[in-house]
Amino acid sequence: METTMIANPGNHSKIHPQKFGLYLGIVSLIMAFAGLSSAYIVRQSAGNWLEFRLPTMFFVSTGVIVLSSLFVWLSSRAFNQQKELAYKTYMVGAFVMGCAFIVTQYLGWMQMYSSGIDLKGNPSGSFVYVMTILHVFHVLGGLVVLTVALYHAFVLPFELTYKRRVRLDLTSIYWHFVDILWIYLLLFFILQR
Amino acid sequence: MATTDIKDYDLRAEELIRDHGVDDHFHEHHEGDKYQSSFFSKYVFSLDHKMISRQFLITGIIWAVIGAGMSVIFRIQLGYPEADLQWLQPLLGKWINIDSAGVGTLDPEFFYSLVTMHGTILIFFVLTAGLSGTFANFLIPLQIGARDMASPIMNMLSYWFFFLASIVMFFSLFLSTGPFAGGWVAYPPLSALPQASTGSGAGMTLWLVALILFVISTLLGGINYITTIFNLRTKGMTFWRLPLSIWSLLITAIVGLLSFPVLVTGFLLLFFDRSLGTSFYLSEIFIGGEALDHVGGSPILYQHLFWFLGHPEVYIIILPAMGIVSEVLSVHSRKPIFGYRAMVYSLVAIGFLSFLVWAHHMFMSGVNPFLSSIFTTFTMIIAVPSAVKVFNWLSTIFRGSIRFNSASLFGIGFVSMFISGGLTGLFMGNSVLDIQIHDTYFIVAHFHLVMGVAAIFGMLAGIYHWYPKMFARHMNDTLGQIHFWGTIISAYMVFWPMHYLGMFGVPRRYYSFDVFDAFRDFGGLNEFITIGAIIGFLVQFVFIVNFFYSMWKGRKMTSKNPYKATTLEWTTPIDTPHGNWPGKIPTVERWAYDYSKNGEDYVPQVIPLREGEEAH
């Protein structure tokens with residue numbers, strides 16, 4: 001390998017470009033939710049704002065998504081330790097928990113709806129629907145990424161390569177982000193009362 | 001054992017990175033253009049940043065002609081409200097109403113569509129995608145010494161999302177109900193209620209879809225630009241050695257990354273109001289005597305979310321032009337840019353302040369006067385870094401050996417426009433004065449000069465300057481200069497008189513002033529403006545002919561550095577291959593502006609400092 005082909009030998013300690021790009025993407029998503037949060041606060045301060053209790057299923061789903069994040073972390077750790085079985089098992093666990101999160105969120109919306117908080121009603125309910133629906137879309141994106149990770153785990157031969165590790169890191173960074181984002185949303189809804 | 005494995009693995013990974021730097025990986029896979037062997041992979045689904053840049057440019061030029069053509073049509077209406085416009089019927093069809101006497105008039109609803117689409121097209125499709133898309137793609141890898149963008153595939157997708165947005169928006173022009181007509185800002189309720197006007201139905205739906213596709217394109221591009229600048233600079237290319245064009249594109253991308261997502265959330269709530277019956281922006285409304293279900297929404301909320309992007313968007317448009325002009329003026333004055341670091345700090349300051357001034361677009365919407373005073377203050381402060389830049393451009397060309405060619409003339413023209421338009425910004429940024437001039441032609445004159453025409457001038461300066469690098473041929477300079485003088489004279493003909501209209505309170509977006517005694521006297525001035533607009537539009541064809549003719553028949557580039565410039569793009573071969581430099585990527589040894597130093601005309605960035613020579 002010719003050294004001349006290396007772009008910048010001084011730059012090797014730098015963050016991987018794809019990870020950097022993902023962090024930038026996360027920044028833009030944070031801005032989107034910050035925009036919605038500020039719209040929520042501004043609208044709330046204008047009055048005519050219905051107060052209601054968050055559905056209990058949202059707390060269940062919090063446990064579910066935290067668990068899935070834990071599984072992603074364990075899977076990633078097992079991969080680095082070359083423990084193939086644990087890597088695969090935890091990855092399946094993460095995926096299952098991710099799917100379960102979607103189900104629990106759906107049940108949460110149903111709880112809201114049956115208690116009289118519907119999408120078209122007071123904006124306080126509409127905001128919760130819109131923000132949680134947008135979040136679920138990001139979780140669905142995460143599930144697609146996890147599906148690719150499962151493909152890597154079960155179809156490709158197990159090998160600890162740099163490329164595979166970067167891919168796994170990208171998956172877990174994004175998944176942890178949607179987890180933290182949910183916890184933020186839940187705290188926001190609870191505290192902004 | 002596990003711990004040892006991780007350590008071993010990390011060492012191995014380090015080794016892999018050392019041996020397979022990102023560029024190296026790129027080079028291995030793309031060398032010899034094996035991925036560009038067919039027509040489709042070379043010209044259509046290209047991964048080469050230079051081709052993607054040309055795709056953005058040509059799409060932008062097509063949009064510019066459409067957008068400017070629309071302005072000519074509505075200017076004809078404003079300048080000659082009594083004229084028979086039957087001759088436009090072959091082009092506009094049913095939007096020209098023929099009365100019983102056989103006189104054709106422009107449909108008022110379509111007038112609003114034209115104004116709306118002119119704004120949308122010029123702001124987003126020409127001056128964001130056409131300007132940033134073109135020059136970020138073209139200059140970033142070439143000027144920082146990278147083989148391509150960090151992710152060529154994302155880069156390609158960025159163009160194709162823009163293309164899709166273009167198709168959707170173009171399609172909306174041909175709807176039987178017409179394109180969206182509620183203004184480029186798409187304020188509710190006109191945008192939120194499909195039944196509000198003819199353009200608010202399918203026209204608005206397509207507008208929204210096109211804009212969301214457009215934002216995806218911008219974010220994909222922006223993430224790539226920032227990542228590339230941070231990660232793929234060649235050896236020696238420190239941040240303080242970056243050309244100002246790169247700095248400006250970096251700040252632009254960061255501003256876009258932070259502001260466009262907020263616009264999307266504004267659009268998301270708009271979508272829910274339009275299609276799913278929520279009341280984020282809609283309060284109690286009657287349409288045609290019928291009460292709608294919406295309760296308690298606030299259209300001001302949309303304005304906040306919109307302008308949180310909308311104002312930074314102004315800087316997304318102007319910052320790349322500033323960077324391009326800094327580069328062009330320095331090269332063609334044979335002088336280093338004056339106050340390089342001050343230029344960088346002022347770019348950063350403008351980028352930062354651009355997030356703190358949005359409500360100055362909303363002084364008349366009933367915001368708290370105390371809040372207005374804060375936004376007025378920040379708006380005034382933004383004049384400081386802007387003035388620093390103007391001072392530095394003027395100081396750069398002052399006593400320089402200026403080459404008056406098309407590129408430098410458009411660069412100087414940019415400074416002229418920026419000063420003329422910038423000064424009026426001080427008036428309307430003041431919340432008290434804004435009460436008189438809000439929504440008048442004063443505003444139209446201001447923003448067209450300071451970010452419309454100025455940004456177009458910056459873009460044209462860039463096109464004339466980097467055309468040889470893009471197409472390996474020169475554009476005709478005489479035609480370029482005719483283009484410049486025709487454009488600058490007509491631009492001032494159009495926008496200077498508009499200030500007077502605005503000061504007298506003539507409102508923008510009006511189809512006709514026939515019924516207003518106070519504004520009837522301005523017929524002559526409006527006619528004058530329209531003549532200027534027509535001249536300005538026709539002169540652009542000199543450019544278009546020059547641009548496309550030169551692509552095949554222009555004077556061939558004989559030297560790879562025709563301007564004797566210092567930056568890295570001029571060290572690449574004339575026919576620059578995919579990967580930019582065959583073999584080794586050059587190493588950077590000095591900053592980008594060593595002109596007229598120690599008696600030497602210029603010293604390229606790749607030349608090491610001589611013995612005893614001090615860095616700038």
# chains A, B, ... in the order shown; residues from 1 in each chain; ligands from 1
$ select_by_dssp --residues "segment 75-171 of chain A" --states "helix (DSSP H, G or I)" --output "VMD selection string"
chain A and resid 75 to 80 84 to 114 123 to 154 162 to 171
$ residues_around --residues "segment 94-100 of chain A" --least-positions-apart "6" --cutoff "6 Å" --atoms "only C-alpha atoms" --output "list of chain:residue names"
A:Val64, A:Ser68, A:Phe71, A:Val72
$ write_last_selection --atoms "all heavy atoms" --output "PDB file, in the first residue's frame"
ATOM      1  N   VAL A  64     -39.529  -0.687  28.079  1.00  0.00           N
ATOM      2  CA  VAL A  64     -39.254  -1.553  26.919  1.00  0.00           C
ATOM      3  C   VAL A  64     -38.103  -0.998  26.084  1.00  0.00           C
ATOM      4  O   VAL A  64     -37.171  -1.713  25.707  1.00  0.00           O
ATOM      5  CB  VAL A  64     -40.536  -1.686  26.057  1.00  0.00           C
ATOM      6  CG1 VAL A  64     -40.227  -2.351  24.737  1.00  0.00           C
ATOM      7  CG2 VAL A  64     -41.587  -2.483  26.814  1.00  0.00           C
ATOM      8  N   SER A  68     -34.329  -2.422  25.312  1.00  0.00           N
ATOM      9  CA  SER A  68     -33.812  -2.688  23.963  1.00  0.00           C
ATOM     10  C   SER A  68     -32.469  -2.009  23.769  1.00  0.00           C
ATOM     11  O   SER A  68     -31.559  -2.549  23.146  1.00  0.00           O
ATOM     12  CB  SER A  68     -34.813  -2.233  22.906  1.00  0.00           C
ATOM     13  OG  SER A  68     -34.712  -0.870  22.691  1.00  0.00           O
ATOM     14  N   PHE A  71     -29.907  -4.100  25.385  1.00  0.00           N
ATOM     15  CA  PHE A  71     -29.582  -5.264  24.556  1.00  0.00           C
ATOM     16  C   PHE A  71     -28.635  -4.879  23.412  1.00  0.00           C
ATOM     17  O   PHE A  71     -27.727  -5.631  23.077  1.00  0.00           O
ATOM     18  CB  PHE A  71     -30.858  -5.894  23.985  1.00  0.00           C
ATOM     19  CG  PHE A  71     -31.635  -6.716  24.989  1.00  0.00           C
ATOM     20  CD1 PHE A  71     -33.004  -6.923  24.842  1.00  0.00           C
ATOM     21  CD2 PHE A  71     -30.993  -7.300  26.072  1.00  0.00           C
ATOM     22  CE1 PHE A  71     -33.726  -7.679  25.756  1.00  0.00           C
ATOM     23  CE2 PHE A  71     -31.703  -8.056  27.006  1.00  0.00           C
ATOM     24  CZ  PHE A  71     -33.069  -8.242  26.849  1.00  0.00           C
ATOM     25  N   VAL A  72     -28.866  -3.721  22.820  1.00  0.00           N
ATOM     26  CA  VAL A  72     -27.968  -3.280  21.739  1.00  0.00           C
ATOM     27  C   VAL A  72     -26.559  -3.102  22.284  1.00  0.00           C
ATOM     28  O   VAL A  72     -25.571  -3.515  21.674  1.00  0.00           O
ATOM     29  CB  VAL A  72     -28.482  -1.965  21.096  1.00  0.00           C
ATOM     30  CG1 VAL A  72     -27.405  -1.326  20.239  1.00  0.00           C
ATOM     31  CG2 VAL A  72     -29.719  -2.221  20.253  1.00  0.00           C
TER      32      VAL A  72
END
$ atom_distance --atom1 "atom CA of Ala291 of chain B" --atom2 "atom CA of Gly366 of chain B"
24.9 Å
$ residues_around --residues "segment 330-335 of chain B" --least-positions-apart "6" --cutoff "9 Å" --atoms "only C-alpha atoms" --output "PyMOL selection string"
chain B and resi 393+396-405+407-408+563-566+593-597+601-602
$ write_last_selection --atoms "N, CA and C atoms" --output "JSON list (two decimals), in the first residue's frame"
[["chain", "number", "residue", "atom", "x", "y", "z"],
["B", 393, "TRP", "N", -13.64, 43.69, 1.80],
["B", 393, "TRP", "CA", -13.66, 43.51, 0.33],
["B", 393, "TRP", "C", -13.11, 44.77, -0.33],
["B", 396, "THR", "N", -9.51, 44.96, 0.08],
["B", 396, "THR", "CA", -8.81, 43.96, -0.74],
["B", 396, "THR", "C", -8.58, 44.50, -2.15],
["B", 397, "ILE", "N", -9.58, 45.13, -2.72],
["B", 397, "ILE", "CA", -9.39, 45.60, -4.10],
["B", 397, "ILE", "C", -8.68, 46.97, -4.14],
["B", 398, "PHE", "N", -8.64, 47.66, -2.99],
["B", 398, "PHE", "CA", -8.02, 48.98, -2.96],
["B", 398, "PHE", "C", -6.54, 48.88, -3.33],
["B", 399, "ARG", "N", -6.16, 49.61, -4.35],
["B", 399, "ARG", "CA", -4.80, 49.64, -4.88],
["B", 399, "ARG", "C", -4.31, 48.25, -5.32],
["B", 400, "GLY", "N", -5.23, 47.41, -5.71],
["B", 400, "GLY", "CA", -4.82, 46.12, -6.25],
["B", 400, "GLY", "C", -4.59, 46.24, -7.76],
["B", 401, "SER", "N", -3.94, 45.23, -8.34],
["B", 401, "SER", "CA", -3.80, 45.22, -9.81],
["B", 401, "SER", "C", -5.02, 44.50, -10.35],
["B", 402, "ILE", "N", -6.14, 45.20, -10.39],
["B", 402, "ILE", "CA", -7.40, 44.53, -10.69],
["B", 402, "ILE", "C", -7.48, 44.14, -12.15],
["B", 403, "ARG", "N", -7.83, 42.88, -12.38],
["B", 403, "ARG", "CA", -8.14, 42.45, -13.75],
["B", 403, "ARG", "C", -9.65, 42.60, -13.90],
["B", 404, "PHE", "N", -10.04, 43.51, -14.77],
["B", 404, "PHE", "CA", -11.49, 43.69, -14.95],
["B", 404, "PHE", "C", -12.02, 42.66, -15.94],
["B", 405, "ASN", "N", -12.38, 41.52, -15.43],
["B", 405, "ASN", "CA", -13.00, 40.51, -16.29],
["B", 405, "ASN", "C", -14.40, 40.21, -15.74],
["B", 407, "ALA", "N", -15.68, 37.81, -14.09],
["B", 407, "ALA", "CA", -15.76, 37.32, -12.72],
["B", 407, "ALA", "C", -15.55, 38.44, -11.72],
["B", 408, "SER", "N", -14.50, 39.24, -11.92],
["B", 408, "SER", "CA", -14.22, 40.29, -10.93],
["B", 408, "SER", "C", -15.28, 41.37, -10.98],
["B", 563, "TYR", "N", -5.55, 31.62, -13.96],
["B", 563, "TYR", "CA", -5.61, 32.90, -13.23],
["B", 563, "TYR", "C", -4.39, 33.12, -12.35],
["B", 564, "LYS", "N", -3.46, 32.17, -12.37],
["B", 564, "LYS", "CA", -2.34, 32.21, -11.45],
["B", 564, "LYS", "C", -2.86, 32.35, -10.01],
["B", 565, "ALA", "N", -3.69, 31.39, -9.64],
["B", 565, "ALA", "CA", -4.28, 31.40, -8.30],
["B", 565, "ALA", "C", -3.54, 30.43, -7.40],
["B", 566, "THR", "N", -3.72, 30.60, -6.10],
["B", 566, "THR", "CA", -2.92, 29.83, -5.15],
["B", 566, "THR", "C", -3.58, 28.54, -4.68],
["B", 593, "TYR", "N", -3.76, 32.76, 0.48],
["B", 593, "TYR", "CA", -3.77, 34.12, -0.11],
["B", 593, "TYR", "C", -2.38, 34.75, -0.23],
["B", 594, "ASP", "N", -1.40, 33.96, -0.61],
["B", 594, "ASP", "CA", -0.08, 34.55, -0.79],
["B", 594, "ASP", "C", 0.06, 35.18, -2.17],
["B", 595, "TYR", "N", -0.55, 36.37, -2.31],
["B", 595, "TYR", "CA", -0.43, 37.14, -3.55],
["B", 595, "TYR", "C", 0.48, 38.33, -3.29],
["B", 596, "SER", "N", 1.26, 38.69, -4.31],
["B", 596, "SER", "CA", 2.14, 39.86, -4.23],
["B", 596, "SER", "C", 2.95, 39.85, -2.94],
["B", 597, "LYS", "N", 3.52, 38.68, -2.63],
["B", 597, "LYS", "CA", 4.29, 38.57, -1.39],
["B", 597, "LYS", "C", 5.77, 38.57, -1.73],
["B", 601, "ASP", "N", 4.36, 37.41, -7.64],
["B", 601, "ASP", "CA", 2.95, 37.63, -7.96],
["B", 601, "ASP", "C", 2.04, 36.73, -7.13],
["B", 602, "TYR", "N", 2.39, 35.46, -7.07],
["B", 602, "TYR", "CA", 1.59, 34.54, -6.26],
["B", 602, "TYR", "C", 2.42, 33.32, -5.89]]
$ closest_residue --among "B:Leu268, B:Val545, B:Ala359, B:Ile435" --to "chain A" --atoms "only C-alpha atoms"
B:Leu268
$ closest_residue --among "A:Leu146, A:Ile133, A:Met112, A:Leu85" --to "chain B" --atoms "only C-alpha atoms"
A:Ile133
$ atom_distance --atom1 "atom CA of Ser69 of chain A" --atom2 "atom CA of Gly221 of chain B"
29.5 Å
$ residues_around --residues "segment 157-170 of chain B" --least-positions-apart "4" --cutoff "8 Å" --atoms "only C-alpha atoms" --output "ChimeraX atom specification"
/B:52,55-56,59,125,129,153,174,206-207,209-214,216-221
$ closest_residue --among "B:Asn526, B:Thr238, B:Ser512, B:Asn224" --to "chain A" --atoms "only C-alpha atoms"
B:Asn224
$ closest_residue --among "B:Tyr187, B:Phe457, B:Trp247, B:Phe180" --to "Gly201 of chain B" --atoms "only C-alpha atoms"
B:Phe180
$ select_by_dssp --residues "segment 168-404 of chain B" --states "strand (DSSP E)" --output "PyMOL selection string"
chain B and resi 286-287+290-291
$ write_last_selection --atoms "C-alpha atoms" --output "mmCIF file, in the first residue's frame"
data_model
loop_
_atom_site.group_PDB
_atom_site.id
_atom_site.type_symbol
_atom_site.label_atom_id
_atom_site.label_comp_id
_atom_site.auth_asym_id
_atom_site.auth_seq_id
_atom_site.Cartn_x
_atom_site.Cartn_y
_atom_site.Cartn_z
ATOM 1 C CA PHE B 286 -65.783 30.783 8.679
ATOM 2 C CA ILE B 287 -65.459 30.003 4.986
ATOM 3 C CA GLU B 290 -69.717 27.793 7.031
ATOM 4 C CA ALA B 291 -68.047 27.488 10.455
#
$ residues_around --residues "Gly108 of chain A" --least-positions-apart "3" --cutoff "12 Å" --atoms "only C-alpha atoms" --output "MDAnalysis selection string"
chainID A and resid 53:62 101:105 111:115 117 128:129 132:133
$ write_last_selection --atoms "C-alpha atoms" --output "JSON list (two decimals), in the first residue's frame"
[["chain", "number", "residue", "atom", "x", "y", "z"],
["A", 53, "ARG", "CA", -52.58, 12.47, 32.55],
["A", 54, "LEU", "CA", -50.20, 10.66, 30.25],
["A", 55, "PRO", "CA", -51.31, 7.08, 29.51],
["A", 56, "THR", "CA", -49.71, 4.49, 31.75],
["A", 57, "MET", "CA", -48.60, 2.51, 28.70],
["A", 58, "PHE", "CA", -46.08, 5.26, 27.93],
["A", 59, "PHE", "CA", -44.27, 4.29, 31.13],
["A", 60, "VAL", "CA", -44.31, 0.64, 30.13],
["A", 61, "SER", "CA", -42.91, 1.56, 26.72],
["A", 62, "THR", "CA", -40.14, 3.53, 28.44],
["A", 101, "PHE", "CA", -42.07, -0.47, 21.87],
["A", 102, "ILE", "CA", -44.13, 0.28, 18.79],
["A", 103, "VAL", "CA", -46.92, -1.92, 20.16],
["A", 104, "THR", "CA", -46.86, -0.27, 23.59],
["A", 105, "GLN", "CA", -46.90, 3.18, 22.03],
["A", 111, "GLN", "CA", -55.55, 4.70, 26.08],
["A", 112, "MET", "CA", -55.42, 8.42, 25.31],
["A", 113, "TYR", "CA", -58.16, 8.10, 22.75],
["A", 114, "SER", "CA", -60.45, 6.13, 25.05],
["A", 115, "SER", "CA", -60.03, 8.74, 27.77],
["A", 117, "ILE", "CA", -58.05, 12.88, 24.16],
["A", 128, "VAL", "CA", -48.51, 14.68, 22.32],
["A", 129, "TYR", "CA", -49.83, 12.67, 19.36],
["A", 132, "THR", "CA", -44.87, 10.69, 19.76],
["A", 133, "ILE", "CA", -45.88, 9.72, 16.22]]
$ residues_around --residues "Val103 of chain B" --least-positions-apart "3" --cutoff "7 Å" --atoms "only C-alpha atoms" --output "ChimeraX atom specification"
/B:84,86,98-99
$ write_last_selection --atoms "N, CA, C and O atoms" --output "compact mmCIF listing (two decimals), in the first residue's frame"
# COMPACT_ATOMS: atom_id res chain seq x y z
N ASP B 84 -53.52 44.75 -23.31
CA ASP B 84 -54.15 43.53 -23.78
C ASP B 84 -53.10 42.41 -23.75
O ASP B 84 -52.10 42.48 -24.48
N GLN B 86 -53.53 39.26 -24.54
CA GLN B 86 -53.96 38.09 -25.28
C GLN B 86 -52.78 37.31 -25.86
O GLN B 86 -52.84 36.09 -25.98
N ILE B 98 -60.19 36.37 -21.48
CA ILE B 98 -60.54 37.22 -22.62
C ILE B 98 -61.96 37.76 -22.39
O ILE B 98 -62.89 36.98 -22.19
N ASP B 99 -62.09 39.07 -22.37
CA ASP B 99 -63.43 39.63 -22.14
C ASP B 99 -64.21 39.74 -23.45
O ASP B 99 -63.70 39.38 -24.53
$ residues_around --residues "Tyr23 of chain A" --least-positions-apart "3" --cutoff "10 Å" --atoms "only C-alpha atoms" --output "list of chain:residue names"
A:Pro17, A:Gln18, A:Lys19, A:Phe20, A:Ile26, A:Val27, A:Ser28, A:Leu29, A:Leu170, A:Ile173, A:Tyr174, A:Phe177, B:Ile223, B:Thr227
$ closest_residue --among "A:Val66, A:Ala39, A:Met131, A:Met31" --to "Pro299 of chain B" --atoms "only C-alpha atoms"
A:Ala39
$ closest_residue --among "A:Leu22, A:Ile190, A:Leu140, A:Val92" --to "chain B" --atoms "only C-alpha atoms"
A:Leu22
